[in-house]
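Here's protein-v9.cif, which has mmCIF, C-alpha atoms:
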data_model
#
loop_
_atom_site.group_PDB
_atom_site.id
_atom_site.type_symbol
_atom_site.label_atom_id
_atom_site.label_comp_id
_atom_site.auth_asym_id
_atom_site.auth_seq_id
_atom_site.Cartn_x
_atom_site.Cartn_y
_atom_site.Cartn_z
ATOM 1 C CA MET Y 3 -27.482 12.663 -0.933
ATOM 2 C CA LEU Y 4 -26.620 9.880 -3.342
ATOM 3 C CA LYS Y 5 -27.668 6.504 -1.929
ATOM 4 C CA LEU Y 6 -25.512 3.536 -2.846
ATOM 5 C CA ASN Y 7 -25.887 -0.109 -1.908
ATOM 6 C CA ALA Y 8 -23.160 -2.162 -0.247
ATOM 7 C CA THR Y 9 -21.833 -3.343 -3.575
ATOM 8 C CA SER Y 10 -21.584 0.191 -4.916
ATOM 9 C CA ARG Y 11 -19.670 1.232 -1.843
ATOM 10 C CA ARG Y 12 -16.840 -0.991 -2.939
ATOM 11 C CA VAL Y 13 -16.727 0.296 -6.493
ATOM 12 C CA LEU Y 14 -13.681 2.390 -5.896
ATOM 13 C CA GLY Y 15 -12.166 0.087 -3.321
ATOM 14 C CA GLY Y 16 -9.002 -0.689 -5.133
ATOM 15 C CA PHE Y 17 -8.128 2.731 -6.419
ATOM 16 C CA ALA Y 18 -6.080 3.839 -3.465
ATOM 17 C CA THR Y 19 -3.632 1.130 -3.397
ATOM 18 C CA ALA Y 20 -1.858 2.930 -1.259
ATOM 19 C CA ALA Y 21 -2.142 2.120 -0.819
ATOM 20 C CA ALA Y 22 -1.776 1.116 -0.568
ATOM 21 C CA VAL Y 23 -1.144 -1.047 -0.029
ATOM 22 C CA ALA Y 24 -0.636 -1.238 0.444
ATOM 23 C CA GLY Y 25 2.064 -0.030 1.129
ATOM 24 C CA THR Y 26 3.272 -2.541 1.128
ATOM 25 C CA ILE Y 27 6.750 -3.104 2.079
ATOM 26 C CA LEU Y 28 6.951 -1.873 5.439
ATOM 27 C CA THR Y 29 9.198 -4.587 6.593
ATOM 28 C CA ALA Y 30 12.637 -4.510 8.044
ATOM 29 C CA GLY Y 31 14.405 -1.326 9.016
ATOM 30 C CA ALA Y 32 18.008 -0.302 9.201
ATOM 31 C CA GLY Y 33 20.481 -2.679 10.776
ATOM 32 C CA VAL Y 34 24.043 -2.751 11.963
ATOM 33 C CA GLY Y 35 25.409 -2.151 8.463
ATOM 34 C CA GLN Y 36 25.141 1.031 6.426
ATOM 35 C CA ALA Y 37 21.568 1.972 5.497
ATOM 36 C CA ALA Y 38 20.354 1.252 1.968
ATOM 37 C CA THR Y 39 17.328 2.014 -0.197
ATOM 38 C CA ALA Y 40 15.233 -0.206 -2.467
ATOM 39 C CA SER Y 41 12.367 0.238 -4.943
ATOM 40 C CA LEU Y 42 9.863 -2.169 -6.457
ATOM 41 C CA THR Y 43 6.912 -1.651 -8.812
ATOM 42 C CA LEU Y 44 4.060 -4.166 -8.582
ATOM 43 C CA VAL Y 45 0.647 -4.565 -10.192
ATOM 44 C CA TYR Y 46 -2.426 -5.324 -8.068
ATOM 45 C CA ASN Y 47 -5.939 -6.292 -9.057
ATOM 46 C CA CYS Y 48 -8.614 -4.345 -7.235
ATOM 47 C CA PRO Y 49 -12.387 -4.942 -7.267
ATOM 48 C CA PHE Y 50 -14.679 -2.380 -8.920
ATOM 49 C CA PRO Y 51 -18.187 -3.856 -8.824
ATOM 50 C CA LEU Y 52 -19.688 -1.201 -11.131
ATOM 51 C CA ILE Y 53 -16.877 -0.980 -13.647
ATOM 52 C CA GLY Y 54 -15.198 -4.347 -13.240
ATOM 53 C CA SER Y 55 -11.817 -5.266 -11.772
ATOM 54 C CA GLN Y 56 -9.000 -2.862 -12.482
ATOM 55 C CA ASP Y 57 -5.232 -3.338 -12.434
ATOM 56 C CA MET Y 58 -3.249 -0.839 -10.388
ATOM 57 C CA SER Y 59 0.458 -0.106 -10.643
ATOM 58 C CA VAL Y 60 2.170 0.743 -7.363
ATOM 59 C CA ARG Y 61 5.757 1.897 -6.917
ATOM 60 C CA ILE Y 62 7.201 1.164 -3.482
ATOM 61 C CA ASP Y 63 10.238 3.052 -2.208
ATOM 62 C CA VAL Y 64 11.852 2.107 1.093
ATOM 63 C CA ALA Y 65 14.682 3.955 2.810
ATOM 64 C CA ASN Y 66 16.875 2.995 5.765
ATOM 65 C CA LEU Y 67 17.093 -0.708 4.942
ATOM 66 C CA PRO Y 68 20.019 -2.602 6.533
ATOM 67 C CA ALA Y 69 23.085 -3.470 4.501
ATOM 68 C CA SER Y 70 23.652 -6.102 7.200
ATOM 69 C CA ALA Y 71 22.349 -6.959 10.658
ATOM 70 C CA THR Y 72 23.286 -8.831 13.820
ATOM 71 C CA VAL Y 73 21.261 -11.444 15.679
ATOM 72 C CA GLY Y 74 19.586 -9.886 18.712
ATOM 73 C CA THR Y 75 20.281 -6.295 17.665
ATOM 74 C CA PRO Y 76 17.091 -4.401 16.751
ATOM 75 C CA ILE Y 77 16.809 -3.147 13.206
ATOM 76 C CA PRO Y 78 15.528 0.453 13.210
ATOM 77 C CA ALA Y 79 12.368 1.499 11.401
ATOM 78 C CA THR Y 80 12.286 2.035 7.654
ATOM 79 C CA ASN Y 81 10.668 4.928 5.822
ATOM 80 C CA VAL Y 82 8.146 3.779 3.223
ATOM 81 C CA THR Y 83 6.509 5.588 0.317
ATOM 82 C CA ALA Y 84 3.958 3.857 -1.919
ATOM 83 C CA THR Y 85 2.797 5.701 -5.031
ATOM 84 C CA ALA Y 86 -0.304 4.214 -6.662
ATOM 85 C CA THR Y 87 -1.553 5.201 -10.108
ATOM 86 C CA VAL Y 88 -5.349 5.450 -9.999
ATOM 87 C CA PRO Y 89 -6.848 4.477 -13.384
ATOM 88 C CA ALA Y 90 -9.129 6.780 -15.332
ATOM 89 C CA ALA Y 91 -12.114 4.458 -14.784
ATOM 90 C CA ALA Y 92 -11.855 4.915 -11.020
ATOM 91 C CA THR Y 93 -11.569 8.684 -11.468
ATOM 92 C CA LEU Y 94 -14.856 8.586 -13.359
ATOM 93 C CA GLY Y 95 -16.460 6.631 -10.535
ATOM 94 C CA LEU Y 96 -15.315 9.213 -7.996
ATOM 95 C CA ALA Y 97 -16.684 12.006 -10.169
ATOM 96 C CA LEU Y 98 -20.074 10.304 -10.291
ATOM 97 C CA VAL Y 99 -20.409 10.598 -6.504
ATOM 98 C CA GLY Y 100 -19.095 14.170 -6.446
ATOM 99 C CA ALA Y 101 -15.734 13.394 -4.837
ATOM 100 C CA LYS Y 102 -13.156 16.165 -5.017
ATOM 101 C CA THR Y 103 -10.578 14.671 -2.647
ATOM 102 C CA VAL Y 104 -9.710 11.286 -1.189
ATOM 103 C CA GLU Y 105 -7.729 10.309 1.915
ATOM 104 C CA GLY Y 106 -7.327 7.354 4.237
ATOM 105 C CA THR Y 107 -5.079 4.612 5.555
ATOM 106 C CA ALA Y 108 -3.648 1.331 4.295
ATOM 107 C CA LYS Y 109 -2.186 -1.886 5.673
ATOM 108 C CA ALA Y 110 0.301 -3.978 3.738
ATOM 109 C CA GLN Y 111 1.103 -7.669 4.035
ATOM 110 C CA THR Y 112 4.884 -7.915 4.162
ATOM 111 C CA THR Y 113 7.039 -10.931 4.973
ATOM 112 C CA VAL Y 114 10.558 -10.912 6.395
ATOM 113 C CA ASN Y 115 12.114 -14.330 5.813
ATOM 114 C CA ASN Y 116 14.909 -14.557 8.382
ATOM 115 C CA ALA Y 117 17.028 -17.535 7.272
ATOM 116 C CA GLY Y 118 13.972 -19.741 6.773
ATOM 117 C CA THR Y 119 11.751 -18.278 9.491
ATOM 118 C CA ALA Y 120 8.920 -16.154 8.102
ATOM 119 C CA ILE Y 121 7.949 -13.060 10.101
ATOM 120 C CA ALA Y 122 4.736 -11.250 9.188
ATOM 121 C CA VAL Y 123 5.006 -7.477 9.381
ATOM 122 C CA THR Y 124 1.890 -5.334 8.972
ATOM 123 C CA PRO Y 125 2.894 -1.730 8.449
ATOM 124 C CA ASN Y 126 0.396 1.081 8.667
ATOM 125 C CA LEU Y 127 0.377 3.766 5.989
ATOM 126 C CA VAL Y 128 -1.408 7.089 5.681
ATOM 127 C CA VAL Y 129 -2.858 7.995 2.300
ATOM 128 C CA ALA Y 130 -2.381 11.753 1.999
ATOM 129 C CA LYS Y 131 -5.364 13.927 1.106
ATOM 130 C CA THR Y 132 -5.309 14.045 -2.676
ATOM 131 C CA ASN Y 133 -7.259 16.144 -5.154
ATOM 132 C CA VAL Y 134 -9.339 14.127 -7.616
ATOM 133 C CA PRO Y 135 -9.045 15.409 -11.202
ATOM 134 C CA SER Y 136 -12.086 15.760 -13.444
ATOM 135 C CA SER Y 137 -10.815 12.928 -15.647
ATOM 136 C CA GLY Y 138 -7.804 10.732 -16.345
ATOM 137 C CA ALA Y 139 -5.436 8.798 -14.134
ATOM 138 C CA PHE Y 140 -3.814 10.332 -11.052
ATOM 139 C CA ASN Y 141 -1.421 9.313 -8.267
ATOM 140 C CA THR Y 142 -2.068 8.797 -4.584
ATOM 141 C CA VAL Y 143 0.837 8.682 -2.137
ATOM 142 C CA ALA Y 144 0.875 6.643 1.072
ATOM 143 C CA THR Y 145 3.658 7.010 3.626
ATOM 144 C CA GLY Y 146 4.604 5.343 6.866
ATOM 145 C CA SER Y 147 7.294 3.399 8.698
ATOM 146 C CA THR Y 148 7.933 -0.028 10.158
ATOM 147 C CA PRO Y 149 8.515 -0.749 13.833
ATOM 148 C CA PRO Y 150 12.003 -1.884 14.936
ATOM 149 C CA LEU Y 151 12.524 -5.593 14.346
ATOM 150 C CA THR Y 152 14.846 -8.002 16.171
ATOM 151 C CA LEU Y 153 16.036 -11.000 14.150
ATOM 152 C CA THR Y 154 16.960 -14.271 15.873
ATOM 153 C CA LYS Y 155 18.723 -16.313 13.172
ATOM 154 C CA ALA Y 156 21.940 -15.819 11.228
ATOM 155 C CA GLY Y 157 21.819 -16.149 7.459
ATOM 156 C CA LEU Y 158 20.298 -14.629 4.333
ATOM 157 C CA THR Y 159 17.183 -12.590 5.079
ATOM 158 C CA THR Y 160 14.712 -11.341 2.465
ATOM 159 C CA ILE Y 161 11.874 -8.826 2.447
ATOM 160 C CA SER Y 162 8.891 -9.553 0.194
ATOM 161 C CA ILE Y 163 5.689 -7.642 -0.539
ATOM 162 C CA GLY Y 164 2.177 -9.145 -0.547
ATOM 163 C CA ASN Y 165 -1.465 -8.045 -0.678
ATOM 164 C CA PHE Y 166 -2.898 -4.962 0.984
ATOM 165 C CA SER Y 167 -6.114 -3.415 2.270
ATOM 166 C CA THR Y 168 -7.052 0.222 2.325
ATOM 167 C CA THR Y 169 -9.698 2.281 4.099
ATOM 168 C CA LEU Y 170 -10.649 5.430 2.206
ATOM 169 C CA THR Y 171 -12.886 8.451 2.541
ATOM 170 C CA PRO Y 172 -13.790 10.409 -0.604
ATOM 171 C CA ARG Y 173 -15.042 13.933 0.174
ATOM 172 C CA LYS Y 174 -16.979 16.611 -1.659
ATOM 173 C CA ALA Y 175 -15.714 20.160 -2.138
ATOM 174 C CA ASP Y 176 -17.285 21.255 1.172
ATOM 175 C CA GLY Y 177 -15.529 18.471 3.066
ATOM 176 C CA SER Y 178 -18.615 16.304 3.540
ATOM 177 C CA THR Y 179 -18.540 12.622 2.675
ATOM 178 C CA THR Y 180 -20.018 11.232 -0.538
ATOM 179 C CA GLY Y 181 -22.544 8.436 -0.917
ATOM 180 C CA LEU Y 182 -19.617 6.022 -0.645
ATOM 181 C CA GLY Y 183 -18.927 7.062 2.942
ATOM 182 C CA THR Y 184 -15.769 5.482 4.376
ATOM 183 C CA PHE Y 185 -15.052 2.047 2.955
ATOM 184 C CA THR Y 186 -12.411 -0.686 3.126
ATOM 185 C CA SER Y 187 -11.202 -2.567 0.063
ATOM 186 C CA ASN Y 188 -8.837 -5.493 -0.425
ATOM 187 C CA CYS Y 189 -6.469 -5.691 -3.386
ATOM 188 C CA THR Y 190 -4.531 -8.764 -4.473
ATOM 189 C CA LEU Y 191 -1.100 -9.041 -6.007
ATOM 190 C CA LYS Y 192 -1.225 -10.307 -9.582
ATOM 191 C CA SER Y 193 0.606 -13.603 -10.095
ATOM 192 C CA GLY Y 194 3.887 -14.037 -11.925
ATOM 193 C CA GLN Y 195 5.657 -11.046 -10.403
ATOM 194 C CA VAL Y 196 8.919 -10.839 -8.502
ATOM 195 C CA THR Y 197 7.848 -9.762 -5.022
ATOM 196 C CA LYS Y 198 11.246 -9.679 -3.309
ATOM 197 C CA LEU Y 199 12.059 -6.093 -2.407
ATOM 198 C CA TYR Y 200 15.418 -6.565 -0.691
ATOM 199 C CA GLU Y 201 17.845 -9.032 0.899
ATOM 200 C CA PHE Y 202 20.672 -8.787 3.420
ATOM 201 C CA THR Y 203 22.742 -11.027 5.668
ATOM 202 C CA VAL Y 204 22.296 -11.439 9.402
ATOM 203 C CA SER Y 205 25.370 -12.560 11.339
#
Target format structure tokens, applied to this file:
Amino acid sequence: MLKLNATSRRVLGGFATAAAVAGTILTAGAGVGQAATASLTLVYNCPFPLIGSQDMSVRIDVANLPASATVGTPIPATNVTATATVPAAATLGLALVGAKTVEGTAKAQTTVNNAGTAIAVTPNLVVAKTNVPSSGAFNTVATGSTPPLTLTKAGLTTISIGNFSTTLTPRKADGSTTGLGTFTSNCTLKSGQVTKLYEFTVS
């Protein structure tokens, strides 16, 4: 079995943004008003000790967002899909350890700003088992939902996406783990981006 040190274990840490990432927007759900959808594409920087830091593009799609909400009335859960594009360099790293598939979970840092009061929401996402190609970039898809959320203040409320962490398990063709084992990696949002996913009014 391939033996890797602790640093090597993190080499592919960022590739599953699916994350990621996380994931990332699992914030508010549907409210009193008609449900809406929103999408946002963000770029994250993920650590690859053996090949250097890599930028990852992640598209976040959220369904069942509230067109409006009422103080004290729970907002139902949203449905979240995060599609991360894994760069070719990370694919090469996976190939070096004999990985044929990858799967795992992700947690996203999301903030609901309810009329000046920030509420941290940490959604949990599942990174679907994905085949690893022999070369080139490929997509991983993470899905999940947010818990119901009760807002306490009237006014404009926004949902913004932040950093994420992901725990991944690459596997060989026979289903056994690679020399990377199961590892957790943290990815950071690159600066200068618009992170607001959605806004609505609470009355």
Between region 40-153 of chain Y and region 166-174 of chain Y, at 6 Å or less, what are the per-residue closest atom pairs and their distances in Å? Count only C-alpha atoms, order by chain and rising residue number, and return it as a tab-separated table.
residue	atom	partner	partner_atom	distance
Y:Gly100	CA	Y:Lys174	CA	5.8
Y:Ala101	CA	Y:Lys174	CA	4.7
Y:Lys102	CA	Y:Lys174	CA	5.1
Y:Thr103	CA	Y:Arg173	CA	5.3
Y:Val104	CA	Y:Pro172	CA	4.2
Y:Glu105	CA	Y:Thr171	CA	5.5
Y:Gly106	CA	Y:Leu170	CA	4.3
Y:Thr107	CA	Y:Thr169	CA	5.4
Y:Ala108	CA	Y:Thr168	CA	4.1
Y:Lys109	CA	Y:Ser167	CA	5.4
Y:Ala110	CA	Y:Phe166	CA	4.3
Y:Gln111	CA	Y:Phe166	CA	5.7
**Q.** Computed interatomic separation between CA of Asn115 (chain Y) and CA of Thr159 (chain Y) (Å)
**A.**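 Computing it gives 5.4 Å between the two atoms.
When all atoms listed in the file are used to compute distances to Pro135 (chain Y), the closest of the residues Y:Thr93, Y:Thr72, Y:Thr154, Y:Thr148 turns out to be Y:Thr93.
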Q | Surrounding residues of Val204 (chain Y) excluding itself and chain neighbours under 6 positions, 10 Å, only C-alpha atoms, as a PyMOL selection string | A | chain Y and resi 33-35+68-75+116-117+153-159
Q: Take the PyMOL selection byres ((chain Y and resi 76-82) around 6), apply it to the structure above, and return the hits as number ranges by chain.
A: Y: 31-33, 63-66, 75, 83, 145-152
**Q.** Given only C-alpha atoms as the counted atoms, nearest of Y:Leu42, Y:Ala90, Y:Ala84, Y:Val114 to Val134 (chain Y)
**A.**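 Answer, going by the shortest atom-to-atom distance: Y:Ala90.
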Q.
Here is a test: counting all atoms listed in the file, which residue of Y:Gly54, Y:Thr124, Y:Asn47, Y:Lys131 is nearest to Gly177 (chain Y)?
A. Y:Lys131
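Picture a line from CA of Ile163 (chain Y) to CA of Gly138 (chain Y); it runs 27.7 Å.
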Q: Kindly indicate which residue among Y:Leu199, Y:Ala37, Y:Ala139, Y:Ala92 lies nearest to Ile62 (chain Y), using all atoms listed in the file for the distances.
A: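 Comparing Y:Leu199, Y:Ala37, Y:Ala139, Y:Ala92 against Ile62 (chain Y), the winner is Y:Leu199.
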Q. Please, what distance in Å, to one decimal, runs between CA of Tyr46 (chain Y) and CA of Met58 (chain Y)?
A. 5.1 Å
Q: Using all atoms listed in the file, pick whichever of Y:Thr113, Y:Thr197, Y:Asn165, Y:Thr190 has the shortest atom-to-atom distance to Ser41 (chain Y).
A: Y:Thr197
Q.
From the options Y:Thr85, Y:Val128, Y:Ala40, Y:Ser178, which residue's atoms come nearest to Val143 (chain Y), counting all atoms listed in the file?
A. Y:Thr85
**Q.** 10 Å contact set for Leu44 (chain Y), only C-alpha atoms, chain neighbours under 3 positions out, as a PyMOL selection string
**A.** chain Y and resi 26+58-62+86+163-164+191-192+195-197
Please, can region 162-179 of chain Y be completed to N, CA and C atoms and returned as a PDB file, in the coordinates of the input?
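Result file is out36.pdb:
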ATOM      1  N   SER Y 162       9.786  -9.399   1.337  1.00  0.00           N
ATOM      2  CA  SER Y 162       8.891  -9.553   0.194  1.00  0.00           C
ATOM      3  C   SER Y 162       7.565  -8.846   0.463  1.00  0.00           C
ATOM      4  N   ILE Y 163       6.936  -8.386  -0.630  1.00  0.00           N
ATOM      5  CA  ILE Y 163       5.689  -7.642  -0.539  1.00  0.00           C
ATOM      6  C   ILE Y 163       4.509  -8.511  -0.947  1.00  0.00           C
ATOM      7  N   GLY Y 164       3.374  -8.360  -0.239  1.00  0.00           N
ATOM      8  CA  GLY Y 164       2.177  -9.145  -0.547  1.00  0.00           C
ATOM      9  C   GLY Y 164       0.965  -8.274  -0.829  1.00  0.00           C
ATOM     10  N   ASN Y 165      -0.217  -8.764  -0.435  1.00  0.00           N
ATOM     11  CA  ASN Y 165      -1.465  -8.045  -0.678  1.00  0.00           C
ATOM     12  C   ASN Y 165      -1.619  -6.873   0.290  1.00  0.00           C
ATOM     13  N   PHE Y 166      -2.672  -6.086   0.080  1.00  0.00           N
ATOM     14  CA  PHE Y 166      -2.898  -4.962   0.984  1.00  0.00           C
ATOM     15  C   PHE Y 166      -4.385  -4.658   1.089  1.00  0.00           C
ATOM     16  N   SER Y 167      -4.753  -3.928   2.135  1.00  0.00           N
ATOM     17  CA  SER Y 167      -6.114  -3.415   2.270  1.00  0.00           C
ATOM     18  C   SER Y 167      -6.030  -1.926   2.534  1.00  0.00           C
ATOM     19  N   THR Y 168      -7.057  -1.219   2.128  1.00  0.00           N
ATOM     20  CA  THR Y 168      -7.052   0.222   2.325  1.00  0.00           C
ATOM     21  C   THR Y 168      -8.432   0.701   2.748  1.00  0.00           C
ATOM     22  N   THR Y 169      -8.461   1.670   3.647  1.00  0.00           N
ATOM     23  CA  THR Y 169      -9.698   2.281   4.099  1.00  0.00           C
ATOM     24  C   THR Y 169      -9.683   3.741   3.653  1.00  0.00           C
ATOM     25  N   LEU Y 170     -10.676   4.120   2.865  1.00  0.00           N
ATOM     26  CA  LEU Y 170     -10.649   5.430   2.206  1.00  0.00           C
ATOM     27  C   LEU Y 170     -11.923   6.234   2.448  1.00  0.00           C
ATOM     28  N   THR Y 171     -11.752   7.543   2.421  1.00  0.00           N
ATOM     29  CA  THR Y 171     -12.886   8.451   2.541  1.00  0.00           C
ATOM     30  C   THR Y 171     -12.837   9.483   1.424  1.00  0.00           C
ATOM     31  N   PRO Y 172     -13.674   9.351   0.402  1.00  0.00           N
ATOM     32  CA  PRO Y 172     -13.790  10.409  -0.604  1.00  0.00           C
ATOM     33  C   PRO Y 172     -14.634  11.548  -0.007  1.00  0.00           C
ATOM     34  N   ARG Y 173     -14.298  12.784  -0.343  1.00  0.00           N
ATOM     35  CA  ARG Y 173     -15.042  13.933   0.174  1.00  0.00           C
ATOM     36  C   ARG Y 173     -15.416  14.897  -0.941  1.00  0.00           C
ATOM     37  N   LYS Y 174     -16.532  15.588  -0.730  1.00  0.00           N
ATOM     38  CA  LYS Y 174     -16.979  16.611  -1.659  1.00  0.00           C
ATOM     39  C   LYS Y 174     -16.179  17.895  -1.435  1.00  0.00           C
ATOM     40  N   ALA Y 175     -16.454  18.904  -2.234  1.00  0.00           N
ATOM     41  CA  ALA Y 175     -15.714  20.160  -2.138  1.00  0.00           C
ATOM     42  C   ALA Y 175     -15.889  20.827  -0.778  1.00  0.00           C
ATOM     43  N   ASP Y 176     -17.042  20.638  -0.129  1.00  0.00           N
ATOM     44  CA  ASP Y 176     -17.285  21.255   1.172  1.00  0.00           C
ATOM     45  C   ASP Y 176     -16.757  20.422   2.331  1.00  0.00           C
ATOM     46  N   GLY Y 177     -16.104  19.315   2.025  1.00  0.00           N
ATOM     47  CA  GLY Y 177     -15.529  18.471   3.066  1.00  0.00           C
ATOM     48  C   GLY Y 177     -16.437  17.365   3.556  1.00  0.00           C
ATOM     49  N   SER Y 178     -17.688  17.359   3.128  1.00  0.00           N
ATOM     50  CA  SER Y 178     -18.615  16.304   3.540  1.00  0.00           C
ATOM     51  C   SER Y 178     -18.329  15.017   2.777  1.00  0.00           C
ATOM     52  N   THR Y 179     -18.772  13.899   3.334  1.00  0.00           N
ATOM     53  CA  THR Y 179     -18.540  12.622   2.675  1.00  0.00           C
ATOM     54  C   THR Y 179     -19.522  12.415   1.519  1.00  0.00           C
TER      55      THR Y 179
END
